[in-house]
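Engineer: Got a structure here, written out as structure tokens. Questions coming.
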Amino acid sequence: MSNSLDPDELQAALEAVHRAGVPGVFAEARAGEQIWRGAAGVADLATGRPVTADMRHRVGSITKTFTAAAVLQLVEAGEIGLDTPIGHYLPQLVPGERGAAITVEMLINHTSGLAEYLPHAYPSLSAFPDLARTTPESLDDNRFSKFNWDELIELGVAAPAVGVPGKPPGVYSNTNYLLLCRLMESVTATSAEKFITRNVIERAGLRDTELPTGPEIDGPHSHHYESWFGMIDPPRDYSVYDMSWVGPSASLISTVADLNRFFDLLLAGEIISRAMLERMQRTVAVISFEGKTVDYGLGLHRMEVPGRGTFWGHDGSVWGGGAISLTSADRTRQASVALNLQRWNTLAPSGRPQPHAIDDAFAALLRTLTGGRPGPSPR
């Protein structure tokens with residue numbers, strides 16, 4: 001298939017996602033030296049203010065790739081051992097046999113067996129993954145809550161294990177990445193946010209990317225509309241939100257252009273060495289929050305795009321905001337997309353999310369952006 005970008009085709013694919021029900025969607029695609037940026041829909045449902053391709057956006061767990069890269073820099077420097085048990089560094093947070101069994105690498109690739117803390121920290125989500133028995137009440141209750149990471153980690157460690165350390169499939173868990181942040185802080189004597197900012201964000205020359213310290217998104221941005229599986233109708237804006245509930249596991253604010261720049265430099269061996277990148281790209285099976293099995297490395301997803309081959313990247317979701325960034329293995333094709341609506345699927349009587357027109361439109365958009373042919377979505 002041609003590796004060139006068709007602006008009309010790309011814009012039409014964006015418009016289709018908007019027509020399917022997403023208030024605003026924007027993207028940047030790169031093919032060789034060619035760069036295309038586009039947007040469709042609105043940033044503010046109340047005023048009709050249009051969304052634009054240069055807007056800053058909460059990109060959720062794409063943050064994990066940045067955090068993993070920072071940890072791997074410390075591995076390269078000899079400050080951290082990938083095969084060293086986390087109990088060696090943080091015995092107070094993961095004590096005893098589990099601390100001795102769970103290595104740093106198991107935290108990065110989610111094979112630690114440590115449970116996700118969020119259903120234990122947000123009471124209305126305590127029944128997760130039984131979505132029908134959850135409510136969005138905790139989202140409002142915690143809009144300005146300041147969470148203590150050690151307390152969140154303790155909730156995840158105290159919860160029943162979701163697997164045997166080191167044995168796939170792993171289970172995706174923010175507990176792992178908050179532990180990595182505490183590990184980073186223990187060996188650098190600086191905050192995780194400052195270390196990642198200095199050694200990853202600034203190193204990559206990302207001018208519109210930050211780990212926020214307050215609840216606001218600085219600069220031009222969209223509202224972030226959360227539906228929580230149809231339980232919030234109409235969807236509510238959660239763009240102003242204290243992100244201490246995830247910290248540098250999912251709090252990053254960025255732009256689609258910065259995301260493409262970051263992943264291009266990462267895969268070029270400019271953020272970590274090529275030898276460490278090869279380690280980063282060794283994948284295992286990991287079960288996502290949605291119950292899907294993904295190929296997960298050290299903070300990187302591997303995704304196959306029909307007609308295009310292997311892409312590397314990550315996706316992310318916070319309350320009301322979603323994003324995905326994909327870069328082909330040969331770095332000739334890139335795509336980053338941001339959406340300002342999340343969990344748009346309503347629930348069937350079985351309690352499972354029902355198919356929605358947005359699903360098909362978004363899958364088609366990703367195929368168009370990556371130059372793939374019709375087939376399964378790479379998401």
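Within each chain, counting starts at residue 1; across the structure tokens, chains are named A, B, ... in the order shown, with ligands numbered 1 upward in that order.
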Excluding His88 of chain A and its own-chain neighbours fewer than 4 positions away, which residues fall within 12 Å of it when counting only C-alpha atoms? Please give them as a list in words.
Structural biologist: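 Counting only the stated atoms, we get Ile80, Gly81, Leu82, Asp83, Thr84, Gln92, Leu93, Val94, Pro95, Gly96, Glu97, Arg98, Gly99, Ala100, Ala101, Ile102, Thr103, Val104, Leu183, Ser186 and Val187 of chain A.
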Engineer: Mind dumping the selected residues with all heavy atoms as a tab-separated table (two decimals), in the first residue's frame?
Structural biologist:
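part-v7.tsv, written as the output of this step:
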chain	number	residue	atom	x	y	z
A	80	ILE	N	19.69	0.88	38.98
A	80	ILE	CA	18.59	-0.06	39.21
A	80	ILE	C	18.88	-1.33	38.42
A	80	ILE	O	19.40	-1.26	37.30
A	80	ILE	CB	17.25	0.55	38.75
A	80	ILE	CG1	16.82	1.71	39.65
A	80	ILE	CG2	16.13	-0.50	38.72
A	80	ILE	CD1	15.60	2.47	39.15
A	81	GLY	N	18.53	-2.47	38.98
A	81	GLY	CA	18.67	-3.74	38.27
A	81	GLY	C	17.30	-4.26	37.84
A	81	GLY	O	16.40	-4.37	38.69
A	82	LEU	N	17.13	-4.56	36.56
A	82	LEU	CA	15.84	-5.07	36.09
A	82	LEU	C	15.46	-6.37	36.78
A	82	LEU	O	14.28	-6.63	37.02
A	82	LEU	CB	15.88	-5.28	34.57
A	82	LEU	CG	15.57	-4.10	33.68
A	82	LEU	CD1	15.69	-4.50	32.21
A	82	LEU	CD2	14.19	-3.53	33.95
A	83	ASP	N	16.45	-7.19	37.07
A	83	ASP	CA	16.18	-8.50	37.66
A	83	ASP	C	16.26	-8.47	39.19
A	83	ASP	O	16.16	-9.52	39.83
A	83	ASP	CB	17.16	-9.54	37.10
A	83	ASP	CG	17.04	-9.67	35.59
A	83	ASP	OD1	15.91	-9.66	35.10
A	83	ASP	OD2	18.09	-9.76	34.91
A	84	THR	N	16.43	-7.28	39.75
A	84	THR	CA	16.51	-7.15	41.21
A	84	THR	C	15.10	-7.09	41.81
A	84	THR	O	14.23	-6.40	41.28
A	84	THR	CB	17.28	-5.87	41.60
A	84	THR	OG1	18.57	-5.92	40.99
A	84	THR	CG2	17.44	-5.77	43.10
A	92	GLN	N	9.52	-1.70	52.60
A	92	GLN	CA	8.38	-1.23	53.38
A	92	GLN	C	7.09	-1.23	52.56
A	92	GLN	O	5.99	-1.32	53.13
A	92	GLN	CB	8.65	0.18	53.94
A	92	GLN	CG	8.57	1.31	52.93
A	92	GLN	CD	9.81	1.44	52.05
A	92	GLN	OE1	10.68	0.57	52.03
A	92	GLN	NE2	9.88	2.55	51.31
A	93	LEU	N	7.20	-1.15	51.23
A	93	LEU	CA	6.02	-1.11	50.39
A	93	LEU	C	5.62	-2.50	49.87
A	93	LEU	O	4.43	-2.79	49.70
A	93	LEU	CB	6.25	-0.17	49.20
A	93	LEU	CG	6.34	1.32	49.56
A	93	LEU	CD1	6.64	2.16	48.32
A	93	LEU	CD2	5.05	1.80	50.22
A	94	VAL	N	6.60	-3.34	49.58
A	94	VAL	CA	6.31	-4.72	49.16
A	94	VAL	C	7.16	-5.64	50.03
A	94	VAL	O	8.25	-6.06	49.64
A	94	VAL	CB	6.61	-4.94	47.65
A	94	VAL	CG1	5.99	-6.27	47.19
A	94	VAL	CG2	6.07	-3.80	46.81
A	95	PRO	N	6.66	-5.97	51.20
A	95	PRO	CA	7.47	-6.74	52.16
A	95	PRO	C	7.45	-8.25	51.89
A	95	PRO	O	6.66	-8.75	51.09
A	95	PRO	CB	6.79	-6.42	53.49
A	95	PRO	CG	5.35	-6.19	53.12
A	95	PRO	CD	5.37	-5.55	51.76
A	96	GLY	N	8.33	-8.93	52.59
A	96	GLY	CA	8.29	-10.39	52.66
A	96	GLY	C	8.54	-11.11	51.35
A	96	GLY	O	9.30	-10.67	50.50
A	97	GLU	N	7.86	-12.25	51.22
A	97	GLU	CA	8.08	-13.13	50.07
A	97	GLU	C	7.73	-12.46	48.75
A	97	GLU	O	8.39	-12.67	47.74
A	97	GLU	CB	7.28	-14.43	50.23
A	97	GLU	CG	7.76	-15.32	51.36
A	97	GLU	CD	6.98	-16.61	51.43
A	97	GLU	OE1	6.14	-16.86	50.53
A	97	GLU	OE2	7.20	-17.38	52.39
A	98	ARG	N	6.66	-11.65	48.75
A	98	ARG	CA	6.27	-11.01	47.49
A	98	ARG	C	7.34	-10.01	47.05
A	98	ARG	O	7.67	-9.91	45.87
A	98	ARG	CB	4.92	-10.32	47.63
A	98	ARG	CG	3.78	-11.28	47.82
A	98	ARG	CD	2.48	-10.53	47.99
A	98	ARG	NE	1.84	-10.27	46.72
A	98	ARG	CZ	0.77	-9.48	46.56
A	98	ARG	NH1	0.27	-8.86	47.61
A	98	ARG	NH2	0.22	-9.31	45.39
A	99	GLY	N	7.86	-9.26	48.00
A	99	GLY	CA	8.91	-8.32	47.68
A	99	GLY	C	10.15	-9.00	47.13
A	99	GLY	O	10.86	-8.43	46.30
A	100	ALA	N	10.39	-10.24	47.58
A	100	ALA	CA	11.54	-11.00	47.10
A	100	ALA	C	11.28	-11.65	45.75
A	100	ALA	O	12.22	-11.95	45.00
A	100	ALA	CB	11.93	-12.07	48.12
A	101	ALA	N	10.01	-11.87	45.42
A	101	ALA	CA	9.66	-12.58	44.18
A	101	ALA	C	9.42	-11.64	43.00
A	101	ALA	O	9.60	-12.04	41.85
A	101	ALA	CB	8.42	-13.44	44.41
A	102	ILE	N	8.99	-10.41	43.28
A	102	ILE	CA	8.63	-9.47	42.21
A	102	ILE	C	9.85	-8.63	41.84
A	102	ILE	O	10.39	-7.89	42.67
A	102	ILE	CB	7.48	-8.55	42.66
A	102	ILE	CG1	6.21	-9.37	42.91
A	102	ILE	CG2	7.21	-7.47	41.61
A	102	ILE	CD1	5.09	-8.59	43.61
A	103	THR	N	10.29	-8.73	40.59
A	103	THR	CA	11.43	-7.95	40.14
A	103	THR	C	10.97	-6.62	39.53
A	103	THR	O	9.79	-6.43	39.24
A	103	THR	CB	12.24	-8.71	39.08
A	103	THR	OG1	11.43	-8.86	37.90
A	103	THR	CG2	12.67	-10.08	39.59
A	104	VAL	N	11.93	-5.73	39.32
A	104	VAL	CA	11.63	-4.45	38.68
A	104	VAL	C	11.02	-4.68	37.30
A	104	VAL	O	10.05	-4.02	36.92
A	104	VAL	CB	12.91	-3.59	38.59
A	104	VAL	CG1	12.66	-2.34	37.76
A	104	VAL	CG2	13.41	-3.23	39.99
A	183	LEU	N	10.36	3.88	43.36
A	183	LEU	CA	11.71	3.34	43.13
A	183	LEU	C	12.62	4.41	42.54
A	183	LEU	O	13.75	4.61	43.00
A	183	LEU	CB	11.62	2.13	42.20
A	183	LEU	CG	12.93	1.58	41.65
A	183	LEU	CD1	13.84	1.12	42.79
A	183	LEU	CD2	12.66	0.44	40.68
A	186	SER	N	13.61	6.82	45.13
A	186	SER	CA	14.52	6.29	46.15
A	186	SER	C	15.97	6.30	45.69
A	186	SER	O	16.88	6.41	46.52
A	186	SER	CB	14.10	4.88	46.56
A	186	SER	OG	14.43	3.94	45.55
A	187	VAL	N	16.20	6.20	44.38
A	187	VAL	CA	17.58	6.15	43.89
A	187	VAL	C	18.06	7.49	43.33
A	187	VAL	O	19.26	7.67	43.15
A	187	VAL	CB	17.77	5.03	42.83
A	187	VAL	CG1	17.44	3.68	43.41
A	187	VAL	CG2	16.96	5.31	41.58
Engineer: Neighbouring residues of segment 323-332 of chain A were defined as those with any atom within 7 Å, considering only C-alpha atoms; residues of the same chain fewer than 4 positions away were excluded. Please report them as a list in words.
Structural biologist: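 The contact residues come out as Ala31, Gly32, Val59, Leu259, Asn260, Phe263, Asp264, Thr310, Phe311, Trp312, Gly313, His314, Asp315, Gly316, Ser317, Ser336, Val337, Ala338 and Leu339 of chain A.
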Engineer: Would you return as a PyMOL selection string the members of segment 118-351 of chain A that DSSP assigns to strand (DSSP E) on this structure's backbone?
Structural biologist: chain A and resi 170-171+225-226+236-237+253-254+284-287+293-296+301-305+309-318+321-328+333-339+341-342
Engineer: Per residue of segment 40-140 of chain A within 9 Å of segment 344-357 of chain A, which atom pair is closest and at what distance in Å (one decimal), using only C-alpha atoms, listed by chain and increasing number, as a tab-separated table?
Structural biologist:
residue	atom	partner	partner_atom	distance
A:Asp130	CA	A:Gly351	CA	7.1
A:Leu131	CA	A:Gly351	CA	6.3
A:Ala132	CA	A:Gly351	CA	5.2
A:Arg133	CA	A:Gly351	CA	8.5
Engineer: Just to be explicit: take each residue in the selection above, keep N, CA, C and O atoms, and write the result as a compact mmCIF listing (two decimals), in the first residue's frame.
Structural biologist:
# COMPACT_ATOMS: atom_id res chain seq x y z
N ASP A 130 -16.99 -5.81 37.26
CA ASP A 130 -18.44 -5.96 37.06
C ASP A 130 -19.03 -4.56 36.88
O ASP A 130 -19.47 -3.92 37.84
N LEU A 131 -19.02 -4.08 35.64
CA LEU A 131 -19.37 -2.68 35.36
C LEU A 131 -20.78 -2.32 35.78
O LEU A 131 -21.04 -1.19 36.22
N ALA A 132 -21.71 -3.26 35.66
CA ALA A 132 -23.11 -2.97 35.98
C ALA A 132 -23.30 -2.65 37.46
O ALA A 132 -24.29 -2.00 37.83
N ARG A 133 -22.37 -3.06 38.29
CA ARG A 133 -22.47 -2.80 39.73
C ARG A 133 -21.59 -1.62 40.16
O ARG A 133 -21.43 -1.38 41.35
Engineer: With distances taken over only C-alpha atoms, which of A:Pro129, A:Gly156, A:Gly87, A:Gly21 is nearest to Gly113 of chain A?
Structural biologist: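 Residue with the minimum atom-to-atom distance to Gly113 of chain A: A:Gly156.
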Engineer: Which of these, A:Leu265, A:Val25, A:Ala361, A:Val51, has the shortest distance to Ala204 of chain A once you count only C-alpha atoms?
Structural biologist: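 With only C-alpha atoms as the atom set, the closest residue is A:Leu265.
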Engineer: Could you produce a table of the residues of segment 32-122 of chain A lying within 12 Å of segment 291-296 of chain A, with the nearest pair of atoms per residue and their separation in Å rounded to one decimal, using only C-alpha atoms, ordered by chain and increasing residue number, as JSON lines?
Structural biologist:
{"residue": "A:Lys64", "atom": "CA", "partner": "A:Tyr296", "partner_atom": "CA", "distance": 11.6}
{"residue": "A:Thr65", "atom": "CA", "partner": "A:Tyr296", "partner_atom": "CA", "distance": 11.0}
{"residue": "A:Glu105", "atom": "CA", "partner": "A:Tyr296", "partner_atom": "CA", "distance": 11.9}
{"residue": "A:Met106", "atom": "CA", "partner": "A:Tyr296", "partner_atom": "CA", "distance": 11.3}
{"residue": "A:Leu107", "atom": "CA", "partner": "A:Tyr296", "partner_atom": "CA", "distance": 11.8}
{"residue": "A:Ile108", "atom": "CA", "partner": "A:Tyr296", "partner_atom": "CA", "distance": 9.4}
{"residue": "A:Asn109", "atom": "CA", "partner": "A:Tyr296", "partner_atom": "CA", "distance": 6.3}
{"residue": "A:His110", "atom": "CA", "partner": "A:Tyr296", "partner_atom": "CA", "distance": 8.3}
{"residue": "A:Thr111", "atom": "CA", "partner": "A:Tyr296", "partner_atom": "CA", "distance": 9.9}
Engineer: Name the closest residue to Gly320 of chain A among the candidates A:Leu74, A:Ala29, A:Val240, A:Ala40; distances are taken between atoms, counting only C-alpha atoms.
Structural biologist: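 Among the listed residues, A:Val240 lies closest to Gly320 of chain A.
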Engineer: Measuring atom to atom with only C-alpha atoms, identify which of A:Phe195, A:Trp319, A:Tyr117, A:Phe144 is nearest to Val157 of chain A.
Structural biologist: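 Among the listed residues, A:Tyr117 lies closest to Val157 of chain A.
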